[in-house]
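Take a look at the structure below.
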Amino acid sequence: MIDASQIKEHMEVKASDGQHVGTVDHMQGSDQIKLTRNDPAAQGAHHLIPLAWVERVDAHVHLSRSSQEVMAQWQSQG
């Protein structure tokens, strides 16, 4: 289980294929990561990804899903 307190603002989020999928804005509640909307991958909108997708945290947040899966399944917020 990932400790949400390890996830900090401005950390890069990488998919399992090594692709950049966003930058952490902040934790939304205890189980979702809100990504910044000004990141090139965000296309001008905030996106939410579940904490359950996080495989590990080091200098980056590493997800257990590919970039294609992440972008198809994240929740968008205008």
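Residues in the structure tokens are named by chain (A, B, ... in the order shown) and by number from 1 within that chain; ligands are numbered from 1 in the order shown.
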Leaving out stretch 5-11 of chain A and any residue of its chain fewer than 2 positions from it, which residues lie within 10 Å of it when counting only C-alpha atoms, given as a count of residues only? 23
Give the strand (DSSP E) residues of chain A, as DSSP finds them on the backbone, and put them as a PDB file with all heavy atoms, in the first residue's frame.
```
ATOM      1  N   GLU A  12       6.730  14.584 -10.792  1.00  0.00           N
ATOM      2  CA  GLU A  12       6.384  14.063 -12.112  1.00  0.00           C
ATOM      3  C   GLU A  12       5.696  12.709 -11.958  1.00  0.00           C
ATOM      4  O   GLU A  12       6.083  11.906 -11.118  1.00  0.00           O
ATOM      5  CB  GLU A  12       7.646  13.896 -12.963  1.00  0.00           C
ATOM      6  CG  GLU A  12       7.352  13.385 -14.353  1.00  0.00           C
ATOM      7  CD  GLU A  12       8.594  13.198 -15.204  1.00  0.00           C
ATOM      8  OE1 GLU A  12       9.723  13.265 -14.683  1.00  0.00           O
ATOM      9  OE2 GLU A  12       8.416  12.976 -16.415  1.00  0.00           O
ATOM     10  N   VAL A  13       4.669  12.482 -12.776  1.00  0.00           N
ATOM     11  CA  VAL A  13       3.945  11.213 -12.771  1.00  0.00           C
ATOM     12  C   VAL A  13       4.281  10.478 -14.059  1.00  0.00           C
ATOM     13  O   VAL A  13       4.129  11.024 -15.157  1.00  0.00           O
ATOM     14  CB  VAL A  13       2.420  11.439 -12.654  1.00  0.00           C
ATOM     15  CG1 VAL A  13       1.679  10.111 -12.640  1.00  0.00           C
ATOM     16  CG2 VAL A  13       2.089  12.257 -11.406  1.00  0.00           C
ATOM     17  N   LYS A  14       4.772   9.224 -13.904  1.00  0.00           N
ATOM     18  CA  LYS A  14       5.177   8.425 -15.063  1.00  0.00           C
ATOM     19  C   LYS A  14       4.348   7.150 -15.125  1.00  0.00           C
ATOM     20  O   LYS A  14       4.107   6.501 -14.112  1.00  0.00           O
ATOM     21  CB  LYS A  14       6.656   8.058 -14.961  1.00  0.00           C
ATOM     22  CG  LYS A  14       7.584   9.239 -15.101  1.00  0.00           C
ATOM     23  CD  LYS A  14       9.013   8.774 -15.140  1.00  0.00           C
ATOM     24  CE  LYS A  14       9.940   9.914 -15.480  1.00  0.00           C
ATOM     25  NZ  LYS A  14      11.289   9.424 -15.786  1.00  0.00           N
ATOM     26  N   HIS A  20       5.799  10.275 -19.525  1.00  0.00           N
ATOM     27  CA  HIS A  20       5.295  11.336 -18.648  1.00  0.00           C
ATOM     28  C   HIS A  20       3.787  11.483 -18.887  1.00  0.00           C
ATOM     29  O   HIS A  20       3.359  11.630 -20.026  1.00  0.00           O
ATOM     30  CB  HIS A  20       6.017  12.649 -18.982  1.00  0.00           C
ATOM     31  CG  HIS A  20       5.452  13.840 -18.298  1.00  0.00           C
ATOM     32  ND1 HIS A  20       5.903  14.259 -17.068  1.00  0.00           N
ATOM     33  CD2 HIS A  20       4.485  14.704 -18.672  1.00  0.00           C
ATOM     34  CE1 HIS A  20       5.216  15.342 -16.711  1.00  0.00           C
ATOM     35  NE2 HIS A  20       4.366  15.629 -17.675  1.00  0.00           N
ATOM     36  N   VAL A  21       2.990  11.419 -17.816  1.00  0.00           N
ATOM     37  CA  VAL A  21       1.538  11.614 -17.976  1.00  0.00           C
ATOM     38  C   VAL A  21       1.011  12.807 -17.195  1.00  0.00           C
ATOM     39  O   VAL A  21      -0.159  13.156 -17.313  1.00  0.00           O
ATOM     40  CB  VAL A  21       0.723  10.343 -17.604  1.00  0.00           C
ATOM     41  CG1 VAL A  21       0.982   9.229 -18.594  1.00  0.00           C
ATOM     42  CG2 VAL A  21       0.991   9.891 -16.182  1.00  0.00           C
ATOM     43  N   GLY A  22       1.871  13.448 -16.406  1.00  0.00           N
ATOM     44  CA  GLY A  22       1.406  14.618 -15.680  1.00  0.00           C
ATOM     45  C   GLY A  22       2.331  15.016 -14.552  1.00  0.00           C
ATOM     46  O   GLY A  22       3.380  14.425 -14.327  1.00  0.00           O
ATOM     47  N   THR A  23       1.869  16.062 -13.843  1.00  0.00           N
ATOM     48  CA  THR A  23       2.568  16.611 -12.690  1.00  0.00           C
ATOM     49  C   THR A  23       1.561  16.732 -11.555  1.00  0.00           C
ATOM     50  O   THR A  23       0.439  17.203 -11.774  1.00  0.00           O
ATOM     51  CB  THR A  23       3.152  18.003 -13.025  1.00  0.00           C
ATOM     52  OG1 THR A  23       4.008  17.873 -14.168  1.00  0.00           O
ATOM     53  CG2 THR A  23       3.934  18.576 -11.862  1.00  0.00           C
ATOM     54  N   VAL A  24       1.960  16.325 -10.369  1.00  0.00           N
ATOM     55  CA  VAL A  24       1.053  16.369  -9.217  1.00  0.00           C
ATOM     56  C   VAL A  24       0.716  17.818  -8.871  1.00  0.00           C
ATOM     57  O   VAL A  24       1.602  18.657  -8.714  1.00  0.00           O
ATOM     58  CB  VAL A  24       1.687  15.678  -7.985  1.00  0.00           C
ATOM     59  CG1 VAL A  24       0.805  15.847  -6.750  1.00  0.00           C
ATOM     60  CG2 VAL A  24       1.957  14.208  -8.268  1.00  0.00           C
ATOM     61  N   ASP A  25      -0.576  18.100  -8.751  1.00  0.00           N
ATOM     62  CA  ASP A  25      -1.052  19.369  -8.205  1.00  0.00           C
ATOM     63  C   ASP A  25      -1.181  19.174  -6.694  1.00  0.00           C
ATOM     64  O   ASP A  25      -0.529  19.848  -5.920  1.00  0.00           O
ATOM     65  CB  ASP A  25      -2.396  19.749  -8.836  1.00  0.00           C
ATOM     66  CG  ASP A  25      -2.831  21.169  -8.489  1.00  0.00           C
ATOM     67  OD1 ASP A  25      -2.358  21.710  -7.476  1.00  0.00           O
ATOM     68  OD2 ASP A  25      -3.646  21.733  -9.228  1.00  0.00           O
ATOM     69  N   HIS A  26      -1.997  18.198  -6.291  1.00  0.00           N
ATOM     70  CA  HIS A  26      -2.155  17.860  -4.871  1.00  0.00           C
ATOM     71  C   HIS A  26      -2.969  16.576  -4.736  1.00  0.00           C
ATOM     72  O   HIS A  26      -3.508  16.077  -5.720  1.00  0.00           O
ATOM     73  CB  HIS A  26      -2.819  19.005  -4.091  1.00  0.00           C
ATOM     74  CG  HIS A  26      -4.224  19.317  -4.549  1.00  0.00           C
ATOM     75  ND1 HIS A  26      -4.485  20.223  -5.544  1.00  0.00           N
ATOM     76  CD2 HIS A  26      -5.427  18.825  -4.164  1.00  0.00           C
ATOM     77  CE1 HIS A  26      -5.806  20.290  -5.738  1.00  0.00           C
ATOM     78  NE2 HIS A  26      -6.394  19.440  -4.916  1.00  0.00           N
ATOM     79  N   MET A  27      -3.051  16.071  -3.514  1.00  0.00           N
ATOM     80  CA  MET A  27      -3.913  14.926  -3.222  1.00  0.00           C
ATOM     81  C   MET A  27      -5.333  15.454  -3.078  1.00  0.00           C
ATOM     82  O   MET A  27      -5.562  16.467  -2.420  1.00  0.00           O
ATOM     83  CB  MET A  27      -3.489  14.227  -1.933  1.00  0.00           C
ATOM     84  CG  MET A  27      -2.224  13.413  -2.051  1.00  0.00           C
ATOM     85  SD  MET A  27      -2.332  12.028  -3.214  1.00  0.00           S
ATOM     86  CE  MET A  27      -3.618  11.009  -2.485  1.00  0.00           C
ATOM     87  N   GLN A  28      -6.260  14.785  -3.702  1.00  0.00           N
ATOM     88  CA  GLN A  28      -7.686  15.137  -3.599  1.00  0.00           C
ATOM     89  C   GLN A  28      -8.299  14.067  -2.701  1.00  0.00           C
ATOM     90  O   GLN A  28      -8.451  12.918  -3.118  1.00  0.00           O
ATOM     91  CB  GLN A  28      -8.329  15.118  -4.987  1.00  0.00           C
ATOM     92  CG  GLN A  28      -9.783  15.473  -4.990  1.00  0.00           C
ATOM     93  CD  GLN A  28     -10.022  16.867  -5.551  1.00  0.00           C
ATOM     94  OE1 GLN A  28      -9.096  17.603  -5.861  1.00  0.00           O
ATOM     95  NE2 GLN A  28     -11.257  17.229  -5.664  1.00  0.00           N
ATOM     96  N   GLN A  32      -7.109  10.024  -4.250  1.00  0.00           N
ATOM     97  CA  GLN A  32      -6.974  10.489  -5.635  1.00  0.00           C
ATOM     98  C   GLN A  32      -5.870  11.528  -5.734  1.00  0.00           C
ATOM     99  O   GLN A  32      -5.698  12.355  -4.843  1.00  0.00           O
ATOM    100  CB  GLN A  32      -8.275  11.104  -6.145  1.00  0.00           C
ATOM    101  CG  GLN A  32      -9.379  10.102  -6.369  1.00  0.00           C
ATOM    102  CD  GLN A  32     -10.569  10.747  -7.049  1.00  0.00           C
ATOM    103  OE1 GLN A  32     -11.008  11.818  -6.659  1.00  0.00           O
ATOM    104  NE2 GLN A  32     -11.064  10.094  -8.080  1.00  0.00           N
ATOM    105  N   ILE A  33      -5.149  11.473  -6.848  1.00  0.00           N
ATOM    106  CA  ILE A  33      -4.116  12.463  -7.143  1.00  0.00           C
ATOM    107  C   ILE A  33      -4.670  13.395  -8.207  1.00  0.00           C
ATOM    108  O   ILE A  33      -5.125  12.945  -9.261  1.00  0.00           O
ATOM    109  CB  ILE A  33      -2.834  11.800  -7.667  1.00  0.00           C
ATOM    110  CG1 ILE A  33      -2.298  10.793  -6.647  1.00  0.00           C
ATOM    111  CG2 ILE A  33      -1.790  12.862  -8.009  1.00  0.00           C
ATOM    112  CD1 ILE A  33      -1.198   9.905  -7.207  1.00  0.00           C
ATOM    113  N   LYS A  34      -4.631  14.687  -7.924  1.00  0.00           N
ATOM    114  CA  LYS A  34      -5.056  15.681  -8.908  1.00  0.00           C
ATOM    115  C   LYS A  34      -3.809  16.169  -9.633  1.00  0.00           C
ATOM    116  O   LYS A  34      -2.835  16.568  -9.007  1.00  0.00           O
ATOM    117  CB  LYS A  34      -5.769  16.846  -8.227  1.00  0.00           C
ATOM    118  CG  LYS A  34      -6.406  17.825  -9.195  1.00  0.00           C
ATOM    119  CD  LYS A  34      -7.264  18.821  -8.446  1.00  0.00           C
ATOM    120  CE  LYS A  34      -8.126  19.613  -9.393  1.00  0.00           C
ATOM    121  NZ  LYS A  34      -9.065  20.470  -8.664  1.00  0.00           N
ATOM    122  N   LEU A  35      -3.848  16.116 -10.958  1.00  0.00           N
ATOM    123  CA  LEU A  35      -2.731  16.561 -11.786  1.00  0.00           C
ATOM    124  C   LEU A  35      -2.934  18.010 -12.208  1.00  0.00           C
ATOM    125  O   LEU A  35      -4.073  18.453 -12.387  1.00  0.00           O
ATOM    126  CB  LEU A  35      -2.602  15.665 -13.016  1.00  0.00           C
ATOM    127  CG  LEU A  35      -2.431  14.167 -12.746  1.00  0.00           C
ATOM    128  CD1 LEU A  35      -2.366  13.400 -14.059  1.00  0.00           C
ATOM    129  CD2 LEU A  35      -1.212  13.898 -11.889  1.00  0.00           C
ATOM    130  N   HIS A  46      -7.601  19.720 -15.468  1.00  0.00           N
ATOM    131  CA  HIS A  46      -7.134  18.905 -14.349  1.00  0.00           C
ATOM    132  C   HIS A  46      -7.596  17.472 -14.596  1.00  0.00           C
ATOM    133  O   HIS A  46      -8.662  17.245 -15.166  1.00  0.00           O
ATOM    134  CB  HIS A  46      -7.756  19.381 -13.030  1.00  0.00           C
ATOM    135  CG  HIS A  46      -7.158  20.637 -12.497  1.00  0.00           C
ATOM    136  ND1 HIS A  46      -5.894  20.708 -11.950  1.00  0.00           N
ATOM    137  CD2 HIS A  46      -7.664  21.879 -12.410  1.00  0.00           C
ATOM    138  CE1 HIS A  46      -5.657  21.936 -11.558  1.00  0.00           C
ATOM    139  NE2 HIS A  46      -6.710  22.674 -11.834  1.00  0.00           N
ATOM    140  N   HIS A  47      -6.794  16.508 -14.162  1.00  0.00           N
ATOM    141  CA  HIS A  47      -7.169  15.100 -14.260  1.00  0.00           C
ATOM    142  C   HIS A  47      -6.953  14.458 -12.903  1.00  0.00           C
ATOM    143  O   HIS A  47      -6.022  14.813 -12.176  1.00  0.00           O
ATOM    144  CB  HIS A  47      -6.335  14.376 -15.324  1.00  0.00           C
ATOM    145  CG  HIS A  47      -6.502  14.943 -16.687  1.00  0.00           C
ATOM    146  ND1 HIS A  47      -7.626  14.726 -17.457  1.00  0.00           N
ATOM    147  CD2 HIS A  47      -5.700  15.735 -17.427  1.00  0.00           C
ATOM    148  CE1 HIS A  47      -7.505  15.350 -18.605  1.00  0.00           C
ATOM    149  NE2 HIS A  47      -6.334  15.982 -18.611  1.00  0.00           N
ATOM    150  N   LEU A  48      -7.800  13.503 -12.570  1.00  0.00           N
ATOM    151  CA  LEU A  48      -7.688  12.760 -11.322  1.00  0.00           C
ATOM    152  C   LEU A  48      -7.329  11.320 -11.622  1.00  0.00           C
ATOM    153  O   LEU A  48      -7.910  10.701 -12.519  1.00  0.00           O
ATOM    154  CB  LEU A  48      -9.015  12.790 -10.554  1.00  0.00           C
ATOM    155  CG  LEU A  48      -9.495  14.158 -10.099  1.00  0.00           C
ATOM    156  CD1 LEU A  48     -10.910  14.061  -9.548  1.00  0.00           C
ATOM    157  CD2 LEU A  48      -8.568  14.727  -9.043  1.00  0.00           C
ATOM    158  N   ILE A  49      -6.366  10.810 -10.871  1.00  0.00           N
ATOM    159  CA  ILE A  49      -6.018   9.391 -10.987  1.00  0.00           C
ATOM    160  C   ILE A  49      -6.084   8.770  -9.593  1.00  0.00           C
ATOM    161  O   ILE A  49      -5.746   9.413  -8.600  1.00  0.00           O
ATOM    162  CB  ILE A  49      -4.627   9.186 -11.631  1.00  0.00           C
ATOM    163  CG1 ILE A  49      -3.537   9.922 -10.873  1.00  0.00           C
ATOM    164  CG2 ILE A  49      -4.643   9.601 -13.086  1.00  0.00           C
ATOM    165  CD1 ILE A  49      -2.144   9.615 -11.358  1.00  0.00           C
ATOM    166  N   PRO A  50      -6.556   7.537  -9.510  1.00  0.00           N
ATOM    167  CA  PRO A  50      -6.669   6.893  -8.199  1.00  0.00           C
ATOM    168  C   PRO A  50      -5.310   6.506  -7.622  1.00  0.00           C
ATOM    169  O   PRO A  50      -4.393   6.113  -8.359  1.00  0.00           O
ATOM    170  CB  PRO A  50      -7.509   5.643  -8.462  1.00  0.00           C
ATOM    171  CG  PRO A  50      -7.604   5.489  -9.927  1.00  0.00           C
ATOM    172  CD  PRO A  50      -7.103   6.729 -10.584  1.00  0.00           C
ATOM    173  N   VAL A  54      -0.907   3.750  -8.256  1.00  0.00           N
ATOM    174  CA  VAL A  54       0.490   4.049  -7.944  1.00  0.00           C
ATOM    175  C   VAL A  54       1.214   2.763  -7.551  1.00  0.00           C
ATOM    176  O   VAL A  54       0.802   2.058  -6.638  1.00  0.00           O
ATOM    177  CB  VAL A  54       0.602   5.097  -6.819  1.00  0.00           C
ATOM    178  CG1 VAL A  54       2.061   5.357  -6.468  1.00  0.00           C
ATOM    179  CG2 VAL A  54      -0.089   6.393  -7.229  1.00  0.00           C
ATOM    180  N   GLU A  55       2.282   2.479  -8.271  1.00  0.00           N
ATOM    181  CA  GLU A  55       3.094   1.287  -8.009  1.00  0.00           C
ATOM    182  C   GLU A  55       4.171   1.582  -6.972  1.00  0.00           C
ATOM    183  O   GLU A  55       4.428   0.801  -6.081  1.00  0.00           O
ATOM    184  CB  GLU A  55       3.731   0.823  -9.312  1.00  0.00           C
ATOM    185  CG  GLU A  55       4.464  -0.488  -9.203  1.00  0.00           C
ATOM    186  CD  GLU A  55       4.896  -0.959 -10.576  1.00  0.00           C
ATOM    187  OE1 GLU A  55       6.006  -0.582 -11.015  1.00  0.00           O
ATOM    188  OE2 GLU A  55       4.118  -1.697 -11.209  1.00  0.00           O
ATOM    189  N   ARG A  56       4.828   2.756  -7.143  1.00  0.00           N
ATOM    190  CA  ARG A  56       5.856   3.160  -6.180  1.00  0.00           C
ATOM    191  C   ARG A  56       6.089   4.665  -6.303  1.00  0.00           C
ATOM    192  O   ARG A  56       5.723   5.280  -7.303  1.00  0.00           O
ATOM    193  CB  ARG A  56       7.145   2.388  -6.392  1.00  0.00           C
ATOM    194  CG  ARG A  56       7.931   2.737  -7.619  1.00  0.00           C
ATOM    195  CD  ARG A  56       9.196   1.876  -7.758  1.00  0.00           C
ATOM    196  NE  ARG A  56      10.101   2.425  -8.749  1.00  0.00           N
ATOM    197  CZ  ARG A  56       9.968   2.308 -10.056  1.00  0.00           C
ATOM    198  NH1 ARG A  56       8.934   1.651 -10.561  1.00  0.00           N
ATOM    199  NH2 ARG A  56      10.849   2.836 -10.878  1.00  0.00           N
ATOM    200  N   VAL A  57       6.736   5.213  -5.267  1.00  0.00           N
ATOM    201  CA  VAL A  57       7.074   6.637  -5.249  1.00  0.00           C
ATOM    202  C   VAL A  57       8.544   6.754  -4.886  1.00  0.00           C
ATOM    203  O   VAL A  57       8.995   6.183  -3.888  1.00  0.00           O
ATOM    204  CB  VAL A  57       6.207   7.403  -4.224  1.00  0.00           C
ATOM    205  CG1 VAL A  57       6.596   8.875  -4.182  1.00  0.00           C
ATOM    206  CG2 VAL A  57       4.721   7.252  -4.527  1.00  0.00           C
ATOM    207  N   HIS A  60       9.791  10.340  -8.426  1.00  0.00           N
ATOM    208  CA  HIS A  60       8.616  10.453  -9.289  1.00  0.00           C
ATOM    209  C   HIS A  60       7.518   9.562  -8.733  1.00  0.00           C
ATOM    210  O   HIS A  60       7.765   8.699  -7.904  1.00  0.00           O
ATOM    211  CB  HIS A  60       8.944   9.967 -10.712  1.00  0.00           C
ATOM    212  CG  HIS A  60      10.169  10.573 -11.298  1.00  0.00           C
ATOM    213  ND1 HIS A  60      10.236  11.877 -11.698  1.00  0.00           N
ATOM    214  CD2 HIS A  60      11.393  10.048 -11.533  1.00  0.00           C
ATOM    215  CE1 HIS A  60      11.445  12.133 -12.165  1.00  0.00           C
ATOM    216  NE2 HIS A  60      12.173  11.032 -12.075  1.00  0.00           N
ATOM    217  N   VAL A  61       6.315   9.771  -9.239  1.00  0.00           N
ATOM    218  CA  VAL A  61       5.200   8.869  -8.946  1.00  0.00           C
ATOM    219  C   VAL A  61       5.114   7.902 -10.126  1.00  0.00           C
ATOM    220  O   VAL A  61       4.935   8.332 -11.269  1.00  0.00           O
ATOM    221  CB  VAL A  61       3.876   9.652  -8.783  1.00  0.00           C
ATOM    222  CG1 VAL A  61       2.720   8.707  -8.541  1.00  0.00           C
ATOM    223  CG2 VAL A  61       3.992  10.669  -7.652  1.00  0.00           C
ATOM    224  N   HIS A  62       5.282   6.616  -9.865  1.00  0.00           N
ATOM    225  CA  HIS A  62       5.271   5.597 -10.922  1.00  0.00           C
ATOM    226  C   HIS A  62       3.949   4.840 -10.873  1.00  0.00           C
ATOM    227  O   HIS A  62       3.562   4.330  -9.820  1.00  0.00           O
ATOM    228  CB  HIS A  62       6.429   4.614 -10.723  1.00  0.00           C
ATOM    229  CG  HIS A  62       7.769   5.265 -10.807  1.00  0.00           C
ATOM    230  ND1 HIS A  62       8.446   5.407 -11.999  1.00  0.00           N
ATOM    231  CD2 HIS A  62       8.541   5.834  -9.854  1.00  0.00           C
ATOM    232  CE1 HIS A  62       9.601   6.024 -11.758  1.00  0.00           C
ATOM    233  NE2 HIS A  62       9.675   6.288 -10.472  1.00  0.00           N
ATOM    234  N   LEU A  63       3.286   4.767 -12.018  1.00  0.00           N
ATOM    235  CA  LEU A  63       1.980   4.106 -12.104  1.00  0.00           C
ATOM    236  C   LEU A  63       2.116   2.682 -12.644  1.00  0.00           C
ATOM    237  O   LEU A  63       3.083   2.360 -13.333  1.00  0.00           O
ATOM    238  CB  LEU A  63       1.047   4.917 -13.009  1.00  0.00           C
ATOM    239  CG  LEU A  63       0.845   6.377 -12.607  1.00  0.00           C
ATOM    240  CD1 LEU A  63      -0.086   7.071 -13.599  1.00  0.00           C
ATOM    241  CD2 LEU A  63       0.301   6.491 -11.186  1.00  0.00           C
ATOM    242  N   GLN A  75     -10.026  10.673 -14.761  1.00  0.00           N
ATOM    243  CA  GLN A  75     -11.200  11.529 -14.704  1.00  0.00           C
ATOM    244  C   GLN A  75     -10.760  12.948 -15.024  1.00  0.00           C
ATOM    245  O   GLN A  75      -9.799  13.447 -14.440  1.00  0.00           O
ATOM    246  CB  GLN A  75     -11.825  11.527 -13.307  1.00  0.00           C
ATOM    247  CG  GLN A  75     -12.479  10.239 -12.911  1.00  0.00           C
ATOM    248  CD  GLN A  75     -13.065  10.340 -11.510  1.00  0.00           C
ATOM    249  OE1 GLN A  75     -12.907  11.323 -10.810  1.00  0.00           O
ATOM    250  NE2 GLN A  75     -13.749   9.295 -11.114  1.00  0.00           N
ATOM    251  N   SER A  76     -11.458  13.592 -15.927  1.00  0.00           N
ATOM    252  CA  SER A  76     -11.125  14.961 -16.307  1.00  0.00           C
ATOM    253  C   SER A  76     -12.003  15.949 -15.561  1.00  0.00           C
ATOM    254  O   SER A  76     -13.181  15.712 -15.366  1.00  0.00           O
ATOM    255  CB  SER A  76     -11.313  15.155 -17.808  1.00  0.00           C
ATOM    256  OG  SER A  76     -10.437  14.326 -18.513  1.00  0.00           O
ATOM    257  N   GLN A  77     -11.399  17.069 -15.188  1.00  0.00           N
ATOM    258  CA  GLN A  77     -12.124  18.181 -14.571  1.00  0.00           C
ATOM    259  C   GLN A  77     -11.794  19.424 -15.366  1.00  0.00           C
ATOM    260  O   GLN A  77     -10.636  19.830 -15.424  1.00  0.00           O
ATOM    261  CB  GLN A  77     -11.709  18.384 -13.118  1.00  0.00           C
ATOM    262  CG  GLN A  77     -12.142  17.296 -12.185  1.00  0.00           C
ATOM    263  CD  GLN A  77     -11.832  17.674 -10.755  1.00  0.00           C
ATOM    264  OE1 GLN A  77     -10.866  18.355 -10.456  1.00  0.00           O
ATOM    265  NE2 GLN A  77     -12.677  17.218  -9.853  1.00  0.00           N
TER     266      GLN A  77
END
```
Excluding same-chain residues fewer than 4 positions from A:Gln68, what lies within 9 Å of it counting only C-alpha atoms, as a PDB file with N, CA, C and O atoms, in the first residue's frame?
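File produced: part_28.pdb:
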```
ATOM      1  N   ALA A  15       3.959   6.799 -16.334  1.00  0.00           N
ATOM      2  CA  ALA A  15       3.211   5.560 -16.571  1.00  0.00           C
ATOM      3  C   ALA A  15       4.175   4.380 -16.568  1.00  0.00           C
ATOM      4  O   ALA A  15       5.402   4.553 -16.573  1.00  0.00           O
ATOM      5  N   ALA A  72      -6.800   7.196 -21.060  1.00  0.00           N
ATOM      6  CA  ALA A  72      -8.139   6.729 -21.429  1.00  0.00           C
ATOM      7  C   ALA A  72      -9.058   6.627 -20.206  1.00  0.00           C
ATOM      8  O   ALA A  72     -10.281   6.739 -20.328  1.00  0.00           O
ATOM      9  N   GLN A  73      -8.462   6.426 -19.023  1.00  0.00           N
ATOM     10  CA  GLN A  73      -9.272   6.134 -17.845  1.00  0.00           C
ATOM     11  C   GLN A  73      -9.259   7.199 -16.755  1.00  0.00           C
ATOM     12  O   GLN A  73     -10.040   7.104 -15.819  1.00  0.00           O
TER      13      GLN A  73
END
```
Using the chain letters and numbers from this document, which residues of chain A does DSSP assign to alpha helix (DSSP H), as a PDB file with N, CA and C atoms, in the first residue's frame?
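See states-v8.pdb below for the written result:
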```pdb
ATOM      1  N   SER A  67       0.726   4.640 -20.351  1.00  0.00           N
ATOM      2  CA  SER A  67       0.259   6.008 -20.601  1.00  0.00           C
ATOM      3  C   SER A  67      -1.062   6.006 -21.360  1.00  0.00           C
ATOM      4  N   GLN A  68      -1.219   5.067 -22.275  1.00  0.00           N
ATOM      5  CA  GLN A  68      -2.462   4.972 -23.043  1.00  0.00           C
ATOM      6  C   GLN A  68      -3.643   4.641 -22.122  1.00  0.00           C
ATOM      7  N   GLU A  69      -3.434   3.697 -21.204  1.00  0.00           N
ATOM      8  CA  GLU A  69      -4.489   3.327 -20.255  1.00  0.00           C
ATOM      9  C   GLU A  69      -4.812   4.485 -19.310  1.00  0.00           C
ATOM     10  N   VAL A  70      -3.784   5.157 -18.823  1.00  0.00           N
ATOM     11  CA  VAL A  70      -3.992   6.279 -17.899  1.00  0.00           C
ATOM     12  C   VAL A  70      -4.839   7.356 -18.556  1.00  0.00           C
ATOM     13  N   MET A  71      -4.452   7.768 -19.747  1.00  0.00           N
ATOM     14  CA  MET A  71      -5.157   8.864 -20.421  1.00  0.00           C
ATOM     15  C   MET A  71      -6.567   8.471 -20.857  1.00  0.00           C
ATOM     16  N   ALA A  72      -6.800   7.196 -21.060  1.00  0.00           N
ATOM     17  CA  ALA A  72      -8.139   6.729 -21.429  1.00  0.00           C
ATOM     18  C   ALA A  72      -9.058   6.627 -20.206  1.00  0.00           C
ATOM     19  N   GLN A  73      -8.462   6.426 -19.023  1.00  0.00           N
ATOM     20  CA  GLN A  73      -9.272   6.134 -17.845  1.00  0.00           C
ATOM     21  C   GLN A  73      -9.259   7.199 -16.755  1.00  0.00           C
TER      22      GLN A  73
END
```
